[in-house]
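Undergrad: Handing you a structure now.
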Amino acid sequence: MDWQAIWLTVKLASLVSAILLVVSLPLAHWITFSRRRWTFLVESVVSLPLVLPPTVLGFYLLLLMGTRSPAGRLWTEWTGHSLAFTFEGLVIASVLYSLPFAVQPVAAAFAQIDPTLREASAMLGASTFRTFLRIVLPLSIEGVVAGVVLSFAHTVGEFGVVLMVGGNLPGVTRTVSIAIYDQVQALHYGDANRTALALLAFSFVVLLGVYGLRRRPWAATPLA
Amino acid sequence: MRLVARLVKRLSPSFTVDLSLAADTGITILFGASGSGKTTVLRCLAGLTRPDTGRISVGDRVLFDGESGTSLRVSERRIGFVFQQLALFPHMTVAQNIGYGLDGLARDERRDRVTAVAESFRIAGLLDRRPNQVSGGERQRAALARALVTDPALLLLDEPLSALDYTIQLRIMDDLRRWNEARRIPVLYVTHSHREAFALGEHLIALEAGRIMAAGSPHEVLDSPAHAALASLAGFENLFEARVIARQERAGTMQCLLAGSTTEIEVPLGTADAGQTIHVAIRAGDILLATQEPVGISARNTWPATVVDFVMRGSMVVATLETDVRFIVHLTPGGAEALELRAGGRLWLIIKTYSCRVAVG
């Protein structure tokens, strides 16, 4: 078993789901409750990774991180090295790639809250932020947990984006899914099988947790 | 404290709420059919909906002024609002719900105030329960207590009691009145039920299509409704269009012909001229039935009629009778038995002149 790859994967997924939790709460709040007409535009952008092949996302991210793009140059000047093929680059790519898996369940949970509860909170003198903390968040905690768990699991399972942006550097960007690919390429089927089985068991347990928590009629995806 | 409001809010190309109203200390009923704009008025006052223009003030505080662009945030208006669905927070206990608006207070003071208001509304024993663990009436009491504990300058109630038993409604409103004797704030109570309006309000404002149609005491407005639309809302089960045939000034009556029929009816003298079309409203409970032609009777309107059908509704019999127009008549089961009420039977309809209310429009 490639313990280095497993540790790296867990580190990456934890970091990504933590960042996504922080990002998705205000983003989902805005998408769900804003009265602006162009929220659909943001929704579409957020959901793009659902339909794009990971290679497309990875390709553009690679271009963006390269020294030919202004953003890439800025990062290189600032830190002294390029984002591509680094752990930081991998984190950024994974956050973007798993964004819909965090935002959608949270936004769906927010949308299910009776709007009069938020109005009642405001009528009792509460600010939007206090209403969020005391009313919105407690009543949609299932969705938030689902969002965190799904973004964690989705990051663990990603392959294409990692390969494009991170490459295959042991201890830096070689995650479990890349390790399995390597093991198969090297014809180490026994190793590949053990790692794959571990990943399969992990994913199944995660989904058991998410669906068990929701206790609602079965849906094809636990997103909506 | 006095609420003064002028509001214009266009809801659709064909529907605009446009009115001025004032409410003093005590309970004012905002009365109208669904879709008449009652809830929009409440939401504009609360700040949940922004009026297109107008001005809202409570006492000397201006909450909204379309000209200067002033519009206080919902959370700064100091208005208590009880929603039709109550909107109690399901994940909090009754005590936490009531104390929600007392965020800035020290814990001891908050607890004292929650306990005090809970006692006033008779829910002190339920403070540790969740909203879904108490009865409907207790939920209404909790919602009222939550809205009032913050000492609002104005209380808005959006049909909060309509789902409840009538006697429970009365008891809750008694507690509200008692509570308000010390606070003396205006209470605006929205309803479309004439029974609630009669029982609860000291003052009534009738709304129709976004405008004020009539205002006064519930009896003034609803017992002699000035408009046909109001008459049906005010619980007049029989509402007819009629043409004035003749005015008998000395007798104080008018002779009218019910539209589309040959039935002539005598009604109290109104302002309508002969030839003009009016509406005649008659409560189903004000119509008498007899098995034989009445003689030696003061009532001026008596006709033979056929029983079309009748149904039991609670402890009341609702019968439909036809001359060449149809009348709805309410009677007791005992009365129905004495008349040997049956479909197809022949009976006499008797209606006093003063039971006929004249409305225009």
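Simple scheme: letters A, B, ... for chains in structure tokens order, numbers from 1 for residues in each chain, numbers from 1 for ligands in the order shown.
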Could you list, as a list of chain:residue names, every residue of chain B that has an atom within 8 Å of an atom of chain A, counting only C-alpha atoms?
TA: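 Here is what falls inside 8 Å: B:Ala46, B:Leu48, B:Val74, B:Ser75, B:Glu76, B:Arg77, B:Arg78, B:Ile79, B:Gly80, B:Phe81, B:Phe83, B:Ala87, B:Leu88, B:Phe89, B:His91, B:Tyr100, B:Gly101, B:Ala147, B:Thr150.
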Undergrad: Atoms to include: C-alpha atoms. Write the selected residues as a PDB file, in the first residue's frame.
TA:
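Listing of part-v5.pdb after writing:
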```pdb
ATOM      1  CA  ALA B  46     -43.365  45.759   8.104  1.00  0.00           C
ATOM      2  CA  LEU B  48     -40.889  43.110   3.921  1.00  0.00           C
ATOM      3  CA  VAL B  74     -37.079  45.467   8.746  1.00  0.00           C
ATOM      4  CA  SER B  75     -34.957  44.778  11.802  1.00  0.00           C
ATOM      5  CA  GLU B  76     -35.036  48.447  12.862  1.00  0.00           C
ATOM      6  CA  ARG B  77     -38.767  49.100  12.559  1.00  0.00           C
ATOM      7  CA  ARG B  78     -39.777  47.796  16.000  1.00  0.00           C
ATOM      8  CA  ILE B  79     -42.862  46.103  14.577  1.00  0.00           C
ATOM      9  CA  GLY B  80     -44.244  42.849  15.870  1.00  0.00           C
ATOM     10  CA  PHE B  81     -45.474  40.588  13.071  1.00  0.00           C
ATOM     11  CA  PHE B  83     -47.497  35.461  10.256  1.00  0.00           C
ATOM     12  CA  ALA B  87     -43.193  31.021  11.496  1.00  0.00           C
ATOM     13  CA  LEU B  88     -42.078  29.680  14.863  1.00  0.00           C
ATOM     14  CA  PHE B  89     -38.495  28.445  14.633  1.00  0.00           C
ATOM     15  CA  HIS B  91     -35.415  23.915  16.018  1.00  0.00           C
ATOM     16  CA  TYR B 100     -35.089  35.382  20.127  1.00  0.00           C
ATOM     17  CA  GLY B 101     -35.767  39.104  19.802  1.00  0.00           C
ATOM     18  CA  ALA B 147     -43.795  39.265  18.725  1.00  0.00           C
ATOM     19  CA  THR B 150     -39.676  43.010  22.370  1.00  0.00           C
TER      20      THR B 150
END
```
Undergrad: So which one's closest to Glu202 (chain B), B:Pro304, B:Pro294, B:Gly216, B:Gly32? Using only C-alpha atoms, please.
TA: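 Of all the options, B:Gly216 lies closest to Glu202 (chain B).
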Undergrad: Taking the DSSP assignment computed from this structure's backbone, write out as an MDAnalysis selection string all residues of region 71-212 of chain B that belong to strand (DSSP E).
TA: chainID B and resid 71 79:82 154:158 186:191 203:208 211:212
Undergrad: Excluding region 18-30 of chain B and any residue of its chain fewer than 6 positions from it, enumerate the residues within 7 Å of it, using only C-alpha atoms, and give them as a VMD selection string.
TA: chain B and resid 1 to 9 38 184 to 191 197 201 to 206 210 to 212
Undergrad: Write a file of the just-selected residues containing C-alpha atoms, as a short mmCIF file (atom, residue, chain, number, x, y, z; two decimals), in the first residue's frame.
TA:
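Everything below was put into again-v3.cif:
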```
data_model
loop_
_atom_site.label_atom_id
_atom_site.label_comp_id
_atom_site.auth_asym_id
_atom_site.auth_seq_id
_atom_site.Cartn_x
_atom_site.Cartn_y
_atom_site.Cartn_z
CA MET B 1 -49.21 55.90 19.58
CA ARG B 2 -50.76 56.21 16.16
CA LEU B 3 -49.96 54.55 12.88
CA VAL B 4 -50.38 56.74 9.83
CA ALA B 5 -49.68 55.30 6.42
CA ARG B 6 -50.11 56.23 2.80
CA LEU B 7 -49.13 53.45 0.42
CA VAL B 8 -48.93 52.92 -3.30
CA LYS B 9 -47.72 49.54 -4.48
CA LYS B 38 -54.55 43.10 2.92
CA ARG B 184 -51.29 50.88 24.34
CA ILE B 185 -49.99 50.18 20.84
CA PRO B 186 -51.97 49.98 17.60
CA VAL B 187 -52.76 46.43 16.54
CA LEU B 188 -53.64 45.76 12.91
CA TYR B 189 -55.47 42.48 12.45
CA VAL B 190 -55.99 41.12 8.94
CA THR B 191 -58.91 38.80 8.32
CA ALA B 197 -64.15 41.04 12.55
CA GLY B 201 -62.25 44.67 16.37
CA GLU B 202 -63.11 48.08 17.70
CA HIS B 203 -62.44 49.67 14.36
CA LEU B 204 -62.65 48.16 10.89
CA ILE B 205 -61.17 49.11 7.53
CA ALA B 206 -62.68 47.28 4.56
CA GLY B 210 -56.31 47.52 -3.14
CA ARG B 211 -58.45 50.45 -1.99
CA ILE B 212 -60.35 51.30 1.16
#
```
Undergrad: If we count only C-alpha atoms and set the cut-off at 12 Å, which residues sit around Thr195 (chain A), ignoring sequence neighbours fewer than 4 positions away in its own chain? Please answer as a list in words.
TA: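 Those residues are Met1, Asp2, Trp3, Ala5, Ile6, Thr175, Val176, Ser177, Ile178, Ala179, Ile180, Tyr181, Asp182, Gln183, Val184, His188, Tyr189, Gly190, Asp191, Leu199, Leu200, Ala201 and Phe202 of chain A.
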Undergrad: Once you have the residues from the selection above, write them out as a PDB file, in the first residue's frame, restricted to N, CA and C atoms.
TA:
```
ATOM      1  N   MET A   1       0.847  -1.203   0.000  1.00  0.00           N
ATOM      2  CA  MET A   1       0.000   0.000   0.000  1.00  0.00           C
ATOM      3  C   MET A   1       0.880   1.251   0.000  1.00  0.00           C
ATOM      4  N   ASP A   2       0.495   2.203  -0.826  1.00  0.00           N
ATOM      5  CA  ASP A   2       1.272   3.442  -0.951  1.00  0.00           C
ATOM      6  C   ASP A   2       0.788   4.446   0.095  1.00  0.00           C
ATOM      7  N   TRP A   3       1.356   4.335   1.315  1.00  0.00           N
ATOM      8  CA  TRP A   3       0.882   5.172   2.421  1.00  0.00           C
ATOM      9  C   TRP A   3       1.122   6.654   2.162  1.00  0.00           C
ATOM     10  N   ALA A   5       0.885   8.178  -0.706  1.00  0.00           N
ATOM     11  CA  ALA A   5      -0.206   8.657  -1.558  1.00  0.00           C
ATOM     12  C   ALA A   5      -1.492   8.804  -0.755  1.00  0.00           C
ATOM     13  N   ILE A   6      -1.741   7.845   0.156  1.00  0.00           N
ATOM     14  CA  ILE A   6      -2.966   7.929   0.960  1.00  0.00           C
ATOM     15  C   ILE A   6      -2.930   9.165   1.865  1.00  0.00           C
ATOM     16  N   THR A 175      -1.677  11.353  -5.862  1.00  0.00           N
ATOM     17  CA  THR A 175      -2.768  10.949  -4.978  1.00  0.00           C
ATOM     18  C   THR A 175      -3.064   9.471  -5.190  1.00  0.00           C
ATOM     19  N   VAL A 176      -4.026   8.935  -4.440  1.00  0.00           N
ATOM     20  CA  VAL A 176      -4.328   7.507  -4.496  1.00  0.00           C
ATOM     21  C   VAL A 176      -4.743   7.083  -5.896  1.00  0.00           C
ATOM     22  N   SER A 177      -5.614   7.898  -6.522  1.00  0.00           N
ATOM     23  CA  SER A 177      -6.107   7.483  -7.843  1.00  0.00           C
ATOM     24  C   SER A 177      -4.972   7.445  -8.867  1.00  0.00           C
ATOM     25  N   ILE A 178      -4.003   8.375  -8.734  1.00  0.00           N
ATOM     26  CA  ILE A 178      -2.839   8.365  -9.628  1.00  0.00           C
ATOM     27  C   ILE A 178      -1.971   7.143  -9.308  1.00  0.00           C
ATOM     28  N   ALA A 179      -1.852   6.833  -8.020  1.00  0.00           N
ATOM     29  CA  ALA A 179      -1.038   5.691  -7.606  1.00  0.00           C
ATOM     30  C   ALA A 179      -1.588   4.402  -8.212  1.00  0.00           C
ATOM     31  N   ILE A 180      -2.903   4.266  -8.203  1.00  0.00           N
ATOM     32  CA  ILE A 180      -3.520   3.063  -8.790  1.00  0.00           C
ATOM     33  C   ILE A 180      -3.180   2.974 -10.277  1.00  0.00           C
ATOM     34  N   TYR A 181      -3.284   4.089 -10.941  1.00  0.00           N
ATOM     35  CA  TYR A 181      -2.978   4.154 -12.363  1.00  0.00           C
ATOM     36  C   TYR A 181      -1.532   3.698 -12.610  1.00  0.00           C
ATOM     37  N   ASP A 182      -0.652   4.214 -11.760  1.00  0.00           N
ATOM     38  CA  ASP A 182       0.764   3.837 -11.849  1.00  0.00           C
ATOM     39  C   ASP A 182       0.968   2.343 -11.666  1.00  0.00           C
ATOM     40  N   GLN A 183       0.288   1.813 -10.615  1.00  0.00           N
ATOM     41  CA  GLN A 183       0.454   0.395 -10.293  1.00  0.00           C
ATOM     42  C   GLN A 183      -0.012  -0.474 -11.455  1.00  0.00           C
ATOM     43  N   VAL A 184      -1.116  -0.033 -12.105  1.00  0.00           N
ATOM     44  CA  VAL A 184      -1.614  -0.806 -13.241  1.00  0.00           C
ATOM     45  C   VAL A 184      -0.625  -0.717 -14.412  1.00  0.00           C
ATOM     46  N   HIS A 188       1.514  -4.109 -11.580  1.00  0.00           N
ATOM     47  CA  HIS A 188       1.402  -4.573 -10.185  1.00  0.00           C
ATOM     48  C   HIS A 188      -0.080  -4.677  -9.822  1.00  0.00           C
ATOM     49  N   TYR A 189      -0.730  -5.706 -10.389  1.00  0.00           N
ATOM     50  CA  TYR A 189      -2.195  -5.788 -10.218  1.00  0.00           C
ATOM     51  C   TYR A 189      -2.593  -6.019  -8.772  1.00  0.00           C
ATOM     52  N   GLY A 190      -1.810  -6.748  -8.024  1.00  0.00           N
ATOM     53  CA  GLY A 190      -2.136  -7.004  -6.618  1.00  0.00           C
ATOM     54  C   GLY A 190      -2.188  -5.706  -5.836  1.00  0.00           C
ATOM     55  N   ASP A 191      -1.163  -4.873  -5.994  1.00  0.00           N
ATOM     56  CA  ASP A 191      -1.120  -3.577  -5.312  1.00  0.00           C
ATOM     57  C   ASP A 191      -2.292  -2.701  -5.746  1.00  0.00           C
ATOM     58  N   LEU A 199     -10.202   2.333  -1.796  1.00  0.00           N
ATOM     59  CA  LEU A 199     -10.911   3.513  -2.280  1.00  0.00           C
ATOM     60  C   LEU A 199     -12.401   3.224  -2.454  1.00  0.00           C
ATOM     61  N   LEU A 200     -12.695   2.027  -2.998  1.00  0.00           N
ATOM     62  CA  LEU A 200     -14.090   1.618  -3.191  1.00  0.00           C
ATOM     63  C   LEU A 200     -14.825   1.577  -1.852  1.00  0.00           C
ATOM     64  N   ALA A 201     -14.194   0.925  -0.864  1.00  0.00           N
ATOM     65  CA  ALA A 201     -14.821   0.804   0.455  1.00  0.00           C
ATOM     66  C   ALA A 201     -15.043   2.193   1.055  1.00  0.00           C
ATOM     67  N   PHE A 202     -14.039   3.034   0.908  1.00  0.00           N
ATOM     68  CA  PHE A 202     -14.155   4.385   1.459  1.00  0.00           C
ATOM     69  C   PHE A 202     -15.335   5.129   0.846  1.00  0.00           C
TER      70      PHE A 202
END
```
Undergrad: Calculate how many Å separate CA of Ser162 (chain B) from CA of Thr49 (chain B), rounding to one decimal.
TA: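 It comes out at 23.2 Å.
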Undergrad: Name all residues at most 8 Å from region 348-360 of chain B (count only C-alpha atoms; drop same-chain ones fewer than 2 positions away) and give them as a ChimeraX atom specification.
TA: /B:224-228,231,253,266-268,270,277-283,286-294,298-305,346
Undergrad: Tell me, in Å to one decimal, how far CA of Ala246 (chain B) is from CA of Thr262 (chain B).
TA: 15.0 Å
Undergrad: Which of these, A:Thr76, A:Ser82, A:Thr173, A:Ser44, has the shortest distance to Leu62 (chain A) once you count only C-alpha atoms?
TA: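 Result for the nearest residue to Leu62 (chain A): A:Ser82.
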Undergrad: From a DSSP pass on the backbone, collect the residues of region 129-333 of chain B flagged as helix (DSSP H, G or I) and hand them back as a PyMOL selection string.
TA: chain B and resi 131-133+136-148+166-183+194-200+218-223+228-233+284-286+333
Undergrad: Take the selection from the previous step and output its residues with C-alpha atoms, as a PDB file, in the first residue's frame.
TA:
```pdb
ATOM      1  CA  PRO B 131     -43.335  24.189  18.595  1.00  0.00           C
ATOM      2  CA  ASN B 132     -44.367  20.807  17.161  1.00  0.00           C
ATOM      3  CA  GLN B 133     -44.964  19.466  20.667  1.00  0.00           C
ATOM      4  CA  GLY B 136     -52.347  24.863  17.579  1.00  0.00           C
ATOM      5  CA  GLY B 137     -53.739  27.395  20.032  1.00  0.00           C
ATOM      6  CA  GLU B 138     -50.585  27.235  22.126  1.00  0.00           C
ATOM      7  CA  ARG B 139     -48.501  27.837  19.016  1.00  0.00           C
ATOM      8  CA  GLN B 140     -50.516  30.986  18.285  1.00  0.00           C
ATOM      9  CA  ARG B 141     -49.944  32.125  21.846  1.00  0.00           C
ATOM     10  CA  ALA B 142     -46.214  31.478  21.507  1.00  0.00           C
ATOM     11  CA  ALA B 143     -46.084  33.448  18.241  1.00  0.00           C
ATOM     12  CA  LEU B 144     -47.943  36.358  19.850  1.00  0.00           C
ATOM     13  CA  ALA B 145     -45.680  36.286  22.901  1.00  0.00           C
ATOM     14  CA  ARG B 146     -42.588  36.236  20.682  1.00  0.00           C
ATOM     15  CA  ALA B 147     -43.795  39.265  18.725  1.00  0.00           C
ATOM     16  CA  LEU B 148     -44.778  41.222  21.839  1.00  0.00           C
ATOM     17  CA  TYR B 166     -63.815  30.186  17.560  1.00  0.00           C
ATOM     18  CA  THR B 167     -63.812  30.064  21.367  1.00  0.00           C
ATOM     19  CA  ILE B 168     -60.029  29.619  21.433  1.00  0.00           C
ATOM     20  CA  GLN B 169     -59.736  32.650  19.128  1.00  0.00           C
ATOM     21  CA  LEU B 170     -61.786  34.740  21.510  1.00  0.00           C
ATOM     22  CA  ARG B 171     -59.742  33.687  24.537  1.00  0.00           C
ATOM     23  CA  ILE B 172     -56.448  34.477  22.811  1.00  0.00           C
ATOM     24  CA  MET B 173     -57.714  37.876  21.695  1.00  0.00           C
ATOM     25  CA  ASP B 174     -58.908  38.603  25.239  1.00  0.00           C
ATOM     26  CA  ASP B 175     -55.393  37.937  26.484  1.00  0.00           C
ATOM     27  CA  LEU B 176     -54.010  40.183  23.754  1.00  0.00           C
ATOM     28  CA  ARG B 177     -56.409  42.979  24.715  1.00  0.00           C
ATOM     29  CA  ARG B 178     -55.472  42.668  28.369  1.00  0.00           C
ATOM     30  CA  TRP B 179     -51.781  42.773  27.472  1.00  0.00           C
ATOM     31  CA  ASN B 180     -52.303  45.840  25.324  1.00  0.00           C
ATOM     32  CA  GLU B 181     -54.126  47.765  28.039  1.00  0.00           C
ATOM     33  CA  ALA B 182     -50.760  48.517  29.610  1.00  0.00           C
ATOM     34  CA  ARG B 183     -48.780  48.902  26.356  1.00  0.00           C
ATOM     35  CA  HIS B 194     -66.767  38.575   9.320  1.00  0.00           C
ATOM     36  CA  ARG B 195     -67.156  36.597  12.519  1.00  0.00           C
ATOM     37  CA  GLU B 196     -63.616  37.431  13.590  1.00  0.00           C
ATOM     38  CA  ALA B 197     -64.147  41.037  12.550  1.00  0.00           C
ATOM     39  CA  PHE B 198     -67.265  41.380  14.702  1.00  0.00           C
ATOM     40  CA  ALA B 199     -65.737  39.636  17.681  1.00  0.00           C
ATOM     41  CA  LEU B 200     -62.291  41.190  17.767  1.00  0.00           C
ATOM     42  CA  PRO B 218     -67.509  46.553  12.515  1.00  0.00           C
ATOM     43  CA  HIS B 219     -71.249  46.999  12.994  1.00  0.00           C
ATOM     44  CA  GLU B 220     -71.406  50.199  10.975  1.00  0.00           C
ATOM     45  CA  VAL B 221     -69.426  48.744   8.108  1.00  0.00           C
ATOM     46  CA  LEU B 222     -70.632  45.151   8.026  1.00  0.00           C
ATOM     47  CA  ASP B 223     -74.238  45.368   9.190  1.00  0.00           C
ATOM     48  CA  ALA B 228     -72.310  44.745  -2.837  1.00  0.00           C
ATOM     49  CA  ALA B 229     -68.787  43.293  -2.687  1.00  0.00           C
ATOM     50  CA  LEU B 230     -68.672  44.036   1.009  1.00  0.00           C
ATOM     51  CA  ALA B 231     -72.099  42.536   1.631  1.00  0.00           C
ATOM     52  CA  SER B 232     -71.113  39.066   0.475  1.00  0.00           C
ATOM     53  CA  LEU B 233     -67.915  39.254   2.532  1.00  0.00           C
ATOM     54  CA  ALA B 284     -79.968  33.631   5.751  1.00  0.00           C
ATOM     55  CA  GLY B 285     -80.762  33.652   9.461  1.00  0.00           C
ATOM     56  CA  ASP B 286     -83.148  36.619   9.066  1.00  0.00           C
ATOM     57  CA  PRO B 333     -82.961  21.279  13.227  1.00  0.00           C
TER      58      PRO B 333
END
```
Undergrad: Quick one: residues within 8 Å of Leu321 (chain B), only C-alpha atoms, excluding same-chain residues fewer than 2 positions away - as a list in words?
TA: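 My list of contacting residues is Ala305, Thr306, Val307, Val308, Asp309, Ala319, Thr323, Arg326, Phe327, Ile328 and Val329 of chain B.
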Undergrad: Please identify all polymer residues within 7 Å of Ile265 (chain B), counting only C-alpha atoms, omitting same-chain residues fewer than 5 positions from it, and present them as a list in words.
TA: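 Everything that qualifies: Gln255, Cys256, Leu257 and Asn301 of chain B.
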Undergrad: Smallest atom-to-atom distance to Thr131 (chain A): which of B:Glu208, B:Glu322, B:Glu241, B:Asp103, using only C-alpha atoms?
TA: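 Checking each of B:Glu208, B:Glu322, B:Glu241, B:Asp103 against Thr131 (chain A), counting only C-alpha atoms, the winner is B:Asp103.
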